[in-house]
>>> print(open('data-v7.cif').read())   # mmCIF, C-alpha atoms and all ligand atoms
data_run
loop_
_atom_site.label_atom_id
_atom_site.label_comp_id
_atom_site.auth_asym_id
_atom_site.auth_seq_id
_atom_site.Cartn_x
_atom_site.Cartn_y
_atom_site.Cartn_z
CA MET A 1 0.39 15.00 2.93
CA PRO A 2 2.56 17.80 4.29
CA GLY A 3 4.29 19.63 1.44
CA THR A 4 8.02 19.52 0.71
CA SER A 5 7.99 22.26 -1.95
CA PRO A 6 10.34 25.23 -1.33
CA GLU A 7 7.22 27.38 -0.98
CA SER A 8 4.50 25.68 1.00
CA PHE A 9 1.36 27.14 2.49
CA THR A 10 -0.96 26.91 5.45
CA VAL A 11 -4.40 26.29 4.00
CA ALA A 12 -7.77 26.42 5.77
CA VAL A 13 -11.10 25.02 4.57
CA VAL A 14 -14.07 26.86 6.08
CA GLY A 15 -17.23 24.74 5.92
CA ALA A 16 -15.04 21.64 5.86
CA THR A 17 -17.87 19.32 6.92
CA GLY A 18 -20.23 20.37 4.09
CA ALA A 19 -20.80 18.92 0.61
CA VAL A 20 -18.45 21.42 -1.06
CA GLY A 21 -15.96 21.58 1.84
CA ARG A 22 -15.45 17.81 1.82
CA THR A 23 -14.89 17.93 -1.94
CA MET A 24 -12.41 20.78 -1.45
CA ILE A 25 -10.32 18.63 0.91
CA GLN A 26 -10.38 15.81 -1.63
CA VAL A 27 -9.36 18.11 -4.52
CA LEU A 28 -6.59 19.78 -2.45
CA LEU A 29 -5.07 16.32 -1.95
CA GLU A 30 -5.57 15.24 -5.58
CA LYS A 31 -4.01 18.40 -6.99
CA ARG A 32 -1.17 18.30 -4.44
CA LEU A 33 -1.27 21.99 -3.60
CA PRO A 34 1.93 22.55 -1.59
CA MET A 35 0.68 22.64 2.02
CA THR A 36 2.61 22.60 5.29
CA SER A 37 -0.57 22.65 7.31
CA LEU A 38 -4.26 22.01 6.65
CA ARG A 39 -6.86 23.45 9.02
CA LEU A 40 -10.51 22.50 8.98
CA LEU A 41 -13.08 25.02 10.23
CA ALA A 42 -16.85 24.87 10.68
CA SER A 43 -19.56 26.01 13.09
CA SER A 44 -20.05 25.00 16.73
CA ARG A 45 -22.18 22.08 15.44
CA SER A 46 -19.06 20.31 14.16
CA ALA A 47 -16.19 21.88 16.14
CA GLY A 48 -14.30 19.19 18.05
CA ARG A 49 -15.21 16.39 15.61
CA THR A 50 -12.36 14.77 13.71
CA VAL A 51 -12.16 14.26 9.97
CA ALA A 52 -9.87 11.55 8.54
CA VAL A 53 -7.76 13.08 5.77
CA GLU A 54 -5.61 10.77 3.68
CA GLY A 55 -1.92 11.35 4.40
CA TRP A 56 -2.69 13.78 7.22
CA GLY A 57 -4.44 11.51 9.75
CA ASP A 58 -7.39 12.69 11.83
CA ILE A 59 -7.76 16.49 11.81
CA THR A 60 -9.90 18.10 14.51
CA VAL A 61 -12.50 20.54 13.16
CA GLU A 62 -12.10 23.98 14.79
CA LEU A 63 -14.72 26.68 15.32
CA ALA A 64 -14.37 29.36 12.63
CA VAL A 65 -13.66 32.70 14.35
CA PRO A 66 -11.58 35.72 13.22
CA GLU A 67 -8.50 34.47 15.11
CA SER A 68 -8.62 31.16 13.21
CA PHE A 69 -6.94 32.91 10.26
CA GLU A 70 -3.76 33.98 12.07
CA GLY A 71 -0.91 32.38 10.10
CA VAL A 72 -3.17 31.02 7.35
CA ASP A 73 -2.04 31.83 3.78
CA ILE A 74 -5.05 30.64 1.78
CA ALA A 75 -8.59 29.94 3.02
CA LEU A 76 -11.19 28.21 0.88
CA PHE A 77 -14.61 29.32 2.17
CA SER A 78 -17.74 27.26 1.62
CA ALA A 79 -19.94 27.97 4.63
CA GLY A 80 -22.70 30.21 3.25
CA GLY A 81 -22.91 33.92 2.50
CA GLY A 82 -23.37 35.10 6.10
CA THR A 83 -20.17 33.41 7.27
CA SER A 84 -18.27 34.78 4.29
CA LYS A 85 -19.53 38.32 4.82
CA GLU A 86 -18.44 38.18 8.45
CA LEU A 87 -15.20 36.20 8.33
CA ALA A 88 -13.64 36.81 4.89
CA PRO A 89 -12.66 40.45 5.72
CA GLU A 90 -11.31 39.26 9.09
CA ALA A 91 -9.19 36.66 7.31
CA ALA A 92 -7.98 39.16 4.69
CA LYS A 93 -7.08 41.63 7.48
CA ARG A 94 -4.80 38.94 8.92
CA GLY A 95 -2.89 38.47 5.63
CA CYS A 96 -4.86 35.43 4.49
CA THR A 97 -6.19 35.23 0.91
CA VAL A 98 -9.78 33.99 0.77
CA ILE A 99 -11.26 32.09 -2.16
CA ASP A 100 -14.96 32.32 -1.44
CA ASN A 101 -17.63 29.99 -2.78
CA SER A 102 -20.67 31.90 -1.57
CA SER A 103 -22.49 34.68 -3.40
CA ALA A 104 -21.45 37.25 -0.75
CA TRP A 105 -18.65 38.95 -2.71
CA ARG A 106 -19.15 37.94 -6.34
CA MET A 107 -20.59 41.20 -7.64
CA ASP A 108 -18.43 43.49 -5.46
CA PRO A 109 -16.44 45.52 -8.03
CA SER A 110 -13.33 45.34 -5.82
CA VAL A 111 -13.40 41.51 -5.80
CA PRO A 112 -12.28 39.44 -8.80
CA LEU A 113 -14.77 36.74 -9.88
CA VAL A 114 -12.68 34.07 -11.55
CA VAL A 115 -13.00 30.89 -13.59
CA SER A 116 -9.48 29.48 -13.60
CA GLN A 117 -9.07 29.01 -17.37
CA VAL A 118 -11.23 31.97 -18.45
CA ASN A 119 -10.07 35.11 -16.61
CA PRO A 120 -7.06 34.18 -14.43
CA ASP A 121 -5.50 37.61 -15.10
CA ASP A 122 -8.18 39.16 -12.87
CA LEU A 123 -6.37 37.53 -9.93
CA GLU A 124 -3.59 40.11 -10.34
CA TRP A 125 -5.66 42.81 -8.60
CA HIS A 126 -7.12 40.88 -5.66
CA GLU A 127 -7.01 42.51 -2.23
CA GLY A 128 -7.40 39.37 -0.13
CA ILE A 129 -10.84 38.15 -1.29
CA ILE A 130 -11.47 36.29 -4.54
CA ALA A 131 -14.92 35.01 -5.51
CA ASN A 132 -15.67 31.64 -7.06
CA PRO A 133 -18.69 31.87 -9.41
CA ASN A 134 -22.01 30.14 -8.91
CA CYS A 135 -21.93 26.55 -10.17
CA SER A 136 -24.48 27.09 -12.96
CA THR A 137 -22.48 30.05 -14.32
CA MET A 138 -19.11 28.34 -13.90
CA GLN A 139 -19.60 25.52 -16.39
CA LEU A 140 -20.95 27.87 -19.07
CA MET A 141 -17.91 30.10 -19.08
CA PRO A 142 -15.22 28.00 -20.85
CA PRO A 143 -17.38 27.26 -23.96
CA LEU A 144 -18.72 30.83 -23.95
CA MET A 145 -15.17 32.20 -23.80
CA ALA A 146 -14.28 30.14 -26.89
CA LEU A 147 -17.21 31.65 -28.83
CA ARG A 148 -16.54 35.19 -27.54
CA ASP A 149 -12.92 35.05 -28.70
CA ALA A 150 -13.69 33.56 -32.13
CA VAL A 151 -16.93 35.20 -33.30
CA GLY A 152 -18.21 37.46 -30.50
CA ILE A 153 -21.37 36.79 -28.50
CA GLU A 154 -24.43 39.05 -28.37
CA ARG A 155 -27.06 37.11 -26.44
CA MET A 156 -27.50 33.85 -24.56
CA VAL A 157 -30.54 31.99 -23.25
CA VAL A 158 -29.83 29.24 -20.72
CA ASP A 159 -32.15 26.70 -19.14
CA THR A 160 -30.62 24.70 -16.32
CA TYR A 161 -31.35 21.21 -14.93
CA GLN A 162 -29.60 21.39 -11.55
CA ALA A 163 -28.67 18.59 -9.18
CA VAL A 164 -29.69 18.54 -5.52
CA ALA A 165 -26.02 18.53 -4.44
CA GLY A 166 -26.14 22.24 -5.30
CA THR A 167 -28.26 22.77 -2.20
CA GLY A 168 -25.85 20.91 0.08
CA HIS A 169 -25.66 17.68 1.99
CA LYS A 170 -29.17 17.87 3.47
CA ALA A 171 -30.76 17.91 0.00
CA ILE A 172 -28.83 14.80 -1.06
CA VAL A 173 -30.19 13.01 2.02
CA GLU A 174 -33.73 14.27 1.29
CA LEU A 175 -33.75 12.99 -2.31
CA GLU A 176 -32.43 9.58 -1.13
CA GLU A 177 -35.18 9.44 1.49
CA GLN A 178 -37.91 10.39 -1.02
CA VAL A 179 -36.73 7.70 -3.47
CA LYS A 180 -36.85 5.11 -0.65
CA ALA A 181 -40.29 6.34 0.46
CA HIS A 182 -41.57 6.03 -3.13
CA ALA A 183 -40.25 2.47 -3.49
CA GLU A 184 -41.81 1.49 -0.15
CA GLY A 185 -45.14 3.19 -0.90
CA ARG A 186 -44.70 5.70 1.94
CA GLU A 187 -45.56 9.40 1.79
CA LYS A 188 -42.71 11.58 0.46
CA VAL A 189 -41.89 14.41 2.88
CA ALA A 190 -40.36 17.74 1.72
CA ASN A 191 -38.26 19.74 4.19
CA VAL A 192 -35.48 21.28 2.12
CA TYR A 193 -37.51 22.50 -0.90
CA PRO A 194 -41.08 23.87 -0.92
CA HIS A 195 -42.17 20.74 -2.85
CA VAL A 196 -41.09 17.11 -3.16
CA ILE A 197 -38.00 16.94 -5.43
CA GLY A 198 -38.08 13.16 -5.99
CA PHE A 199 -39.63 12.44 -9.46
CA ASN A 200 -40.34 16.16 -9.90
CA ALA A 201 -38.86 19.32 -11.52
CA LEU A 202 -38.95 22.58 -9.56
CA PRO A 203 -38.61 25.87 -11.52
CA HIS A 204 -37.45 27.56 -8.34
CA ILE A 205 -33.82 27.86 -7.18
CA ASP A 206 -33.00 30.43 -4.50
CA VAL A 207 -35.44 33.27 -3.77
CA PHE A 208 -37.71 35.12 -6.23
CA LEU A 209 -36.72 38.70 -7.13
CA ASP A 210 -39.03 41.61 -7.96
CA ASN A 211 -38.40 41.12 -11.70
CA GLY A 212 -39.87 37.59 -11.61
CA TYR A 213 -36.53 35.83 -12.01
CA THR A 214 -34.99 33.79 -9.19
CA LYS A 215 -31.73 34.89 -7.61
CA GLU A 216 -30.05 31.79 -9.13
CA GLU A 217 -31.18 32.84 -12.62
CA TRP A 218 -30.02 36.41 -12.06
CA LYS A 219 -26.59 35.16 -10.92
CA VAL A 220 -26.14 33.64 -14.39
CA VAL A 221 -26.98 37.04 -15.93
CA THR A 222 -24.70 39.22 -13.82
CA GLU A 223 -21.82 36.81 -13.17
CA SER A 224 -21.48 35.89 -16.88
CA ARG A 225 -21.10 39.56 -17.79
CA LYS A 226 -18.44 40.13 -15.13
CA ILE A 227 -16.36 37.00 -15.90
CA LEU A 228 -16.47 37.42 -19.67
CA HIS A 229 -15.83 41.20 -19.44
CA LEU A 230 -19.00 41.76 -21.50
CA PRO A 231 -21.08 44.21 -19.44
CA ASP A 232 -23.73 44.51 -22.17
CA LEU A 233 -24.20 40.79 -22.87
CA ARG A 234 -27.93 40.03 -23.15
CA VAL A 235 -28.76 36.98 -21.02
CA SER A 236 -31.92 35.19 -19.91
CA CYS A 237 -32.10 32.08 -17.75
CA THR A 238 -34.60 29.63 -16.29
CA ALA A 239 -33.10 27.54 -13.45
CA VAL A 240 -34.77 24.23 -12.63
CA ARG A 241 -33.97 21.77 -9.81
CA VAL A 242 -34.23 18.15 -10.96
CA PRO A 243 -33.93 14.85 -9.06
CA VAL A 244 -30.28 14.27 -10.00
CA PHE A 245 -27.75 13.82 -7.19
CA VAL A 246 -24.66 15.44 -8.73
CA SER A 247 -23.88 17.46 -11.93
CA HIS A 248 -25.79 20.31 -13.49
CA SER A 249 -26.97 20.11 -17.12
CA GLU A 250 -27.74 23.20 -19.22
CA ALA A 251 -29.46 23.86 -22.55
CA VAL A 252 -27.71 26.89 -24.05
CA HIS A 253 -28.77 29.07 -26.99
CA VAL A 254 -26.24 31.67 -28.12
CA GLU A 255 -26.54 34.44 -30.68
CA THR A 256 -23.07 35.23 -32.00
CA ARG A 257 -21.93 38.44 -33.67
CA ASN A 258 -20.47 36.66 -36.71
CA PRO A 259 -21.68 33.39 -38.30
CA ILE A 260 -20.36 30.09 -36.98
CA SER A 261 -21.05 26.51 -38.02
CA PRO A 262 -21.60 23.69 -35.50
CA ALA A 263 -18.48 21.98 -36.83
CA ARG A 264 -16.34 25.07 -36.15
CA ALA A 265 -17.92 25.45 -32.70
CA ARG A 266 -17.05 21.82 -31.86
CA GLU A 267 -13.43 22.50 -32.89
CA LEU A 268 -13.30 25.62 -30.70
CA PHE A 269 -14.83 23.83 -27.71
CA ALA A 270 -12.48 20.86 -28.06
CA ALA A 271 -9.48 23.23 -28.11
CA THR A 272 -10.56 24.93 -24.85
CA GLU A 273 -8.75 23.92 -21.66
CA GLY A 274 -10.95 21.77 -19.43
CA VAL A 275 -13.64 21.19 -22.08
CA VAL A 276 -14.46 17.84 -23.70
CA VAL A 277 -16.80 17.48 -26.67
CA GLN A 278 -19.12 14.47 -26.57
CA ASP A 279 -21.26 14.84 -29.67
CA ASP A 280 -22.24 11.76 -31.64
CA PRO A 281 -26.05 11.67 -31.45
CA ALA A 282 -26.29 8.83 -34.01
CA ASN A 283 -24.62 6.62 -31.41
CA ASP A 284 -26.47 8.16 -28.42
CA VAL A 285 -23.32 10.01 -27.35
CA TYR A 286 -23.91 13.33 -25.55
CA PRO A 287 -22.96 14.67 -22.10
CA LEU A 288 -24.71 13.02 -19.17
CA ALA A 289 -24.92 14.10 -15.53
CA MET A 290 -24.12 10.65 -14.15
CA GLU A 291 -21.00 10.34 -16.29
CA ALA A 292 -19.78 13.87 -15.54
CA ALA A 293 -19.99 13.31 -11.77
CA GLY A 294 -16.51 12.98 -10.27
CA SER A 295 -14.77 14.82 -13.12
CA ASP A 296 -13.26 18.32 -13.21
CA LEU A 297 -14.11 18.71 -16.90
CA VAL A 298 -16.94 20.54 -18.67
CA PHE A 299 -18.70 18.33 -21.23
CA VAL A 300 -20.35 19.85 -24.32
CA GLY A 301 -22.55 18.15 -26.92
CA ARG A 302 -25.74 18.34 -29.03
CA VAL A 303 -24.06 21.24 -30.87
CA ARG A 304 -26.37 22.45 -33.64
CA GLN A 305 -27.36 25.54 -35.58
CA ASP A 306 -30.23 27.50 -34.02
CA PRO A 307 -32.39 28.29 -37.07
CA SER A 308 -34.37 30.93 -35.14
CA ILE A 309 -31.36 33.28 -35.41
CA PRO A 310 -30.64 34.56 -38.98
CA ASP A 311 -27.39 34.41 -40.97
CA GLY A 312 -25.91 31.34 -39.25
CA ARG A 313 -25.32 33.33 -36.05
CA GLY A 314 -27.28 31.02 -33.73
CA LEU A 315 -25.92 27.98 -31.90
CA ALA A 316 -27.63 25.56 -29.51
CA PHE A 317 -25.76 23.11 -27.29
CA TRP A 318 -25.87 21.10 -24.04
CA VAL A 319 -23.31 21.62 -21.23
CA VAL A 320 -22.82 19.28 -18.26
CA SER A 321 -20.38 19.44 -15.34
CA ASP A 322 -20.00 18.20 -11.75
CA ASN A 323 -21.34 21.11 -9.67
CA LEU A 324 -19.38 20.13 -6.56
CA ARG A 325 -16.08 19.88 -8.47
CA LYS A 326 -15.65 22.32 -11.40
CA GLY A 327 -18.77 24.13 -10.20
CA ALA A 328 -17.26 24.79 -6.78
CA ALA A 329 -14.31 22.95 -5.17
CA SER A 330 -12.05 22.27 -8.16
CA ASN A 331 -12.26 25.80 -9.52
CA ALA A 332 -11.44 27.14 -6.04
CA VAL A 333 -8.36 24.91 -5.81
CA GLU A 334 -7.40 25.77 -9.40
CA ILE A 335 -7.51 29.47 -8.42
CA ALA A 336 -5.17 28.65 -5.51
CA GLU A 337 -2.86 26.87 -7.97
CA VAL A 338 -2.75 29.96 -10.22
CA LEU A 339 -2.06 32.19 -7.19
CA VAL A 340 0.86 29.96 -6.18
CA ALA A 341 2.23 29.55 -9.73
CA ARG A 342 2.11 33.32 -10.47
CA GLY A 343 3.30 34.49 -7.03
CA LEU A 344 -0.05 36.16 -6.31
CA VAL A 345 -0.94 34.60 -2.95
CA ARG A 346 -0.54 37.93 -1.17
CA LYS A 347 -2.88 40.82 -1.91
CA ALA A 348 -1.93 43.26 -4.70
CA SER A 349 -1.21 46.23 -2.39
CA GLU A 350 1.19 44.15 -0.26
CA ARG A 351 2.95 42.85 -3.36
CA ALA A 352 3.29 46.45 -4.56
CA LEU A 353 4.83 47.44 -1.22
CA VAL A 354 7.36 44.66 -1.51
CA ALA A 355 8.15 45.58 -5.12
CA ALA A 356 8.50 49.32 -4.35
CA PRO A 357 11.90 50.63 -3.26
CA GLY A 358 11.94 50.67 0.53
CA GLY A 359 8.93 48.36 0.60
CA ARG A 360 8.46 45.77 3.28
CA PRO A 361 10.61 42.69 2.80
CA ALA A 362 8.77 39.69 1.32
N1 LIG B 401 -23.24 22.70 -3.40
C1 LIG B 401 -22.83 23.34 -4.50
O1 LIG B 401 -22.85 22.83 -5.63
C2 LIG B 401 -22.30 24.72 -4.39
C3 LIG B 401 -21.71 25.27 -5.52
C4 LIG B 401 -21.20 26.55 -5.44
C5 LIG B 401 -21.26 27.22 -4.25
N2 LIG B 401 -21.84 26.66 -3.15
C6 LIG B 401 -21.84 27.44 -1.93
O2 LIG B 401 -20.99 26.83 -0.97
C7 LIG B 401 -21.51 27.02 0.35
C8 LIG B 401 -21.67 25.70 1.07
O3 LIG B 401 -22.45 24.82 0.32
P1 LIG B 401 -22.60 23.27 0.67
O4 LIG B 401 -23.40 22.74 -0.43
O5 LIG B 401 -21.28 22.65 1.00
O6 LIG B 401 -23.49 23.34 2.05
P2 LIG B 401 -23.59 22.29 3.25
O7 LIG B 401 -23.39 20.90 2.79
O8 LIG B 401 -24.87 22.63 3.93
O9 LIG B 401 -22.37 22.68 4.23
C9 LIG B 401 -22.29 23.90 4.90
C10 LIG B 401 -20.97 24.01 5.65
O10 LIG B 401 -20.86 25.31 6.20
C11 LIG B 401 -20.58 25.20 7.61
N3 LIG B 401 -21.16 26.32 8.33
C12 LIG B 401 -22.45 26.69 8.39
N4 LIG B 401 -22.59 27.78 9.18
C13 LIG B 401 -21.36 28.10 9.62
C14 LIG B 401 -20.84 29.12 10.46
N5 LIG B 401 -21.63 30.06 11.01
N6 LIG B 401 -19.51 29.15 10.69
C15 LIG B 401 -18.70 28.23 10.13
N7 LIG B 401 -19.13 27.22 9.34
C16 LIG B 401 -20.44 27.17 9.08
C17 LIG B 401 -21.19 23.88 8.00
O11 LIG B 401 -20.58 23.44 9.21
P3 LIG B 401 -21.35 22.55 10.34
O12 LIG B 401 -21.01 21.12 10.05
O13 LIG B 401 -20.73 23.04 11.59
O14 LIG B 401 -22.80 22.85 10.24
C18 LIG B 401 -20.81 23.03 6.80
O15 LIG B 401 -19.46 22.64 6.90
C19 LIG B 401 -22.80 27.82 0.16
O16 LIG B 401 -22.47 29.18 0.28
C20 LIG B 401 -23.20 27.52 -1.26
O17 LIG B 401 -23.98 28.53 -1.83
C21 LIG B 401 -22.34 25.42 -3.19
#
>>> encode(input="data-v7.cif", output="structure tokens", more="lines below")
Ligand SMILES: NC(=O)c1ccc[n+]([C@@H]2O[C@H](COP(=O)([O-])OP(=O)(O)OC[C@H]3O[C@@H](n4cnc5c(N)ncnc54)[C@H](OP(=O)(O)O)[C@@H]3O)[C@@H](O)[C@H]2O)c1
Amino acid sequence: MPGTSPESFTVAVVGATGAVGRTMIQVLLEKRLPMTSLRLLASSRSAGRTVAVEGWGDITVELAVPESFEGVDIALFSAGGGTSKELAPEAAKRGCTVIDNSSAWRMDPSVPLVVSQVNPDDLEWHEGIIANPNCSTMQLMPPLMALRDAVGIERMVVDTYQAVAGTGHKAIVELEEQVKAHAEGREKVANVYPHVIGFNALPHIDVFLDNGYTKEEWKVVTESRKILHLPDLRVSCTAVRVPVFVSHSEAVHVETRNPISPARARELFAATEGVVVQDDPANDVYPLAMEAAGSDLVFVGRVRQDPSIPDGRGLAFWVVSDNLRKGAASNAVEIAEVLVARGLVRKASERALVAAPGGRPA
């Protein structure tokens, strides 16, 4: 619904017809970001179609071109790396602040990579482009931050069990079709992945790199270091696609600098914004993908001492979160909320101009 707040913004969603883009629209409405106007952008495949948005009526999808960003304050991008590389600088040039979901800008040293409750202060220095982390990295960061701040972290090993929604709408449709084909005794056909995903587990997400890791696994390595401000953190990851529709699950092993008990870790996790501890194995209580779907929270359980690390400095736990929400759309909207709340919507250099004597008026 059009905003009535004293400061209200024109917001664009780029990739508005995709799995993440549709969730972004939903989360923008739920979180009531003050908006005077909402513009939906996509490729020529969808331009001209209308999307029904609660409180706003039918909005016509427009073709995303550089001129689309004239007069837009905040653009949430979720249309793939190529589109972000091409259009995010065009948007920023026109005074729009981009929150980008693709991997295009994440490791650019001039672009902040932000998890809303972990490193919001990094938003202070943005110059018009802000990167949203990869979904598998995102959900790890709040519990990791809690351990970093309390006992220090030296090393982490993460194995992921990632939902097909992480690949986009076409993968959701493909898993549904393979489940139907299995039930009907038909052949299961793979188009999206190199193998059938239904009833399978694929240790292959994104492309393979020269070092034998996949790009998805390497994102966990490099993005974790940048977000946590720990450039020397030792990280290893195996990323696996599993036949789950929504929510990524992760088995995490952390070596801390100082000893920590599972009980203390549970207390720290429970005290972290956006984290819920579900850890009562005797009653079969632990985080589950199906239950996490639809929530903005990060669920942590199965917290136990890792006896392979000496001196009580090893912890093992299980982390689950909705990859389309906290892993993508909700964190992007939360970043927008922080920008609005802290007066950081405009890029740092423009804010400095305004603040400086003789600077341009706000
Ligand atoms: N799914 C996740 O969990 C997740 C998590 C984090 C980040 N991401 C990232 O978010 C992005 C989108 O993911 P998704 O899962 O939503 O994919 P998706 O369901 O395939 O949707 C892709 C969207 O991008 C639009 N698009 C494609 N090419 C375009 C172009 N040249 N110009 C403008 N719009 C274009 C599509 O519009 P049309 O309808 O016109 O084709 C569609 O709206 C990717 O970069 C992905 O890596 C995804």
>>> residues_near_ligand(input="data-v7.cif", ligand="ligand LIG 401 (chain B)", cutoff="7 Å", atoms="all atoms listed in the file", output="ChimeraX atom specification")
/A:14-21,41-47,63-64,78-81,83,101-103,134-135,165-170,323-324,327-328
>>> residues_around(input="data-v7.cif", residues="A:Val246", least_positions_apart="4", cutoff="9 Å", atoms="all atoms listed in the file", output="PyMOL selection string")
chain A and resi 162-166+172+289-290+292-294+321-324
>>> write_last_selection(input="data-v7.cif", atoms="C-alpha atoms", output="CSV table (one decimal), in the coordinates of the input")
chain,number,residue,atom,x,y,z
A,162,GLN,CA,-29.6,21.4,-11.6
A,163,ALA,CA,-28.7,18.6,-9.2
A,164,VAL,CA,-29.7,18.5,-5.5
A,165,ALA,CA,-26.0,18.5,-4.4
A,166,GLY,CA,-26.1,22.2,-5.3
A,172,ILE,CA,-28.8,14.8,-1.1
A,289,ALA,CA,-24.9,14.1,-15.5
A,290,MET,CA,-24.1,10.6,-14.2
A,292,ALA,CA,-19.8,13.9,-15.5
A,293,ALA,CA,-20.0,13.3,-11.8
A,294,GLY,CA,-16.5,13.0,-10.3
A,321,SER,CA,-20.4,19.4,-15.3
A,322,ASP,CA,-20.0,18.2,-11.8
A,323,ASN,CA,-21.3,21.1,-9.7
A,324,LEU,CA,-19.4,20.1,-6.6
>>> closest_residue(input="data-v7.cif", among="A:Ser308, A:Ser110, A:Ser330, A:Thr238", to="A:His126", atoms="all atoms listed in the file")
A:Ser110
>>> residues_near_point(input="data-v7.cif", point="(-21.9, 33.0, -34.6)", cutoff="8 Å", atoms="all atoms listed in the file", output="list in words")
Leu147, Val151, Gly152, Ile153, Val254, Glu255, Thr256, Arg257, Asn258, Pro259, Ile260, Ser261, Gly312, Arg313, Gly314 and Leu315 of chain A
>>> residues_around(input="data-v7.cif", residues="A:Pro66", least_positions_apart="3", cutoff="10 Å", atoms="only C-alpha atoms", output="ChimeraX atom specification")
/A:63,69-70,86-94
>>> residues_around(input="data-v7.cif", residues="A:Asp121", least_positions_apart="5", cutoff="12 Å", atoms="only C-alpha atoms", output="list in words")
Pro112, Leu113, Val114, Val115, Ser116, His126, Ile227, Leu228, His229, Ile335, Val338, Leu339, Arg342 and Leu344 of chain A
>>> closest_residue(input="data-v7.cif", among="A:Ala265, A:Thr50, A:Glu334, A:Gly343", to="A:Arg32", atoms="all atoms listed in the file")
A:Glu334
>>> closest_residue(input="data-v7.cif", among="A:Val72, A:Val27, A:Leu202, A:Leu123", to="A:Pro243", atoms="all atoms listed in the file")
A:Leu202
>>> atom_distance(input="data-v7.cif", atom1="atom CA of A:Trp56", atom2="atom CA of A:Gln26")
11.9 Å
>>> residues_near_point(input="data-v7.cif", point="(-30.7, 7.3, -3.4)", cutoff="12 Å", atoms="only C-alpha atoms", output="ChimeraX atom specification")
/A:164,171-183,198-199,243-246
>>> decode(input="data-v7.cif", residues="stretch 22-26 of chain A", atoms="all heavy atoms", output="compact mmCIF listing (two decimals), in the first residue's frame")
# COMPACT_ATOMS: atom_id res chain seq x y z
N ARG A 22 9.62 -12.44 -6.40
CA ARG A 22 8.24 -12.55 -5.88
C ARG A 22 8.25 -12.52 -4.36
O ARG A 22 7.37 -11.92 -3.74
CB ARG A 22 7.61 -13.85 -6.38
CG ARG A 22 7.14 -13.72 -7.82
CD ARG A 22 6.43 -14.98 -8.24
NE ARG A 22 7.29 -15.77 -9.11
CZ ARG A 22 6.93 -16.91 -9.65
NH1 ARG A 22 5.76 -17.44 -9.40
NH2 ARG A 22 7.75 -17.56 -10.45
N THR A 23 9.25 -13.18 -3.77
CA THR A 23 9.33 -13.17 -2.30
C THR A 23 9.69 -11.76 -1.81
O THR A 23 9.19 -11.31 -0.77
CB THR A 23 10.38 -14.20 -1.82
OG1 THR A 23 10.13 -15.44 -2.47
CG2 THR A 23 10.31 -14.41 -0.32
N MET A 24 10.51 -11.05 -2.59
CA MET A 24 10.86 -9.67 -2.20
C MET A 24 9.61 -8.79 -2.13
O MET A 24 9.46 -8.00 -1.20
CB MET A 24 11.81 -9.06 -3.23
CG MET A 24 13.24 -9.51 -3.05
SD MET A 24 14.23 -8.95 -4.44
CE MET A 24 15.86 -9.14 -3.74
N ILE A 25 8.73 -8.93 -3.11
CA ILE A 25 7.50 -8.11 -3.12
C ILE A 25 6.70 -8.43 -1.86
O ILE A 25 6.23 -7.53 -1.15
CB ILE A 25 6.66 -8.40 -4.39
CG1 ILE A 25 7.46 -8.01 -5.64
CG2 ILE A 25 5.33 -7.67 -4.33
CD1 ILE A 25 6.84 -8.52 -6.95
N GLN A 26 6.57 -9.72 -1.57
CA GLN A 26 5.82 -10.16 -0.40
C GLN A 26 6.42 -9.57 0.88
O GLN A 26 5.72 -9.02 1.74
CB GLN A 26 5.90 -11.71 -0.37
CG GLN A 26 5.18 -12.39 0.76
CD GLN A 26 3.69 -12.21 0.65
OE1 GLN A 26 3.17 -12.10 -0.46
NE2 GLN A 26 3.04 -12.12 1.79
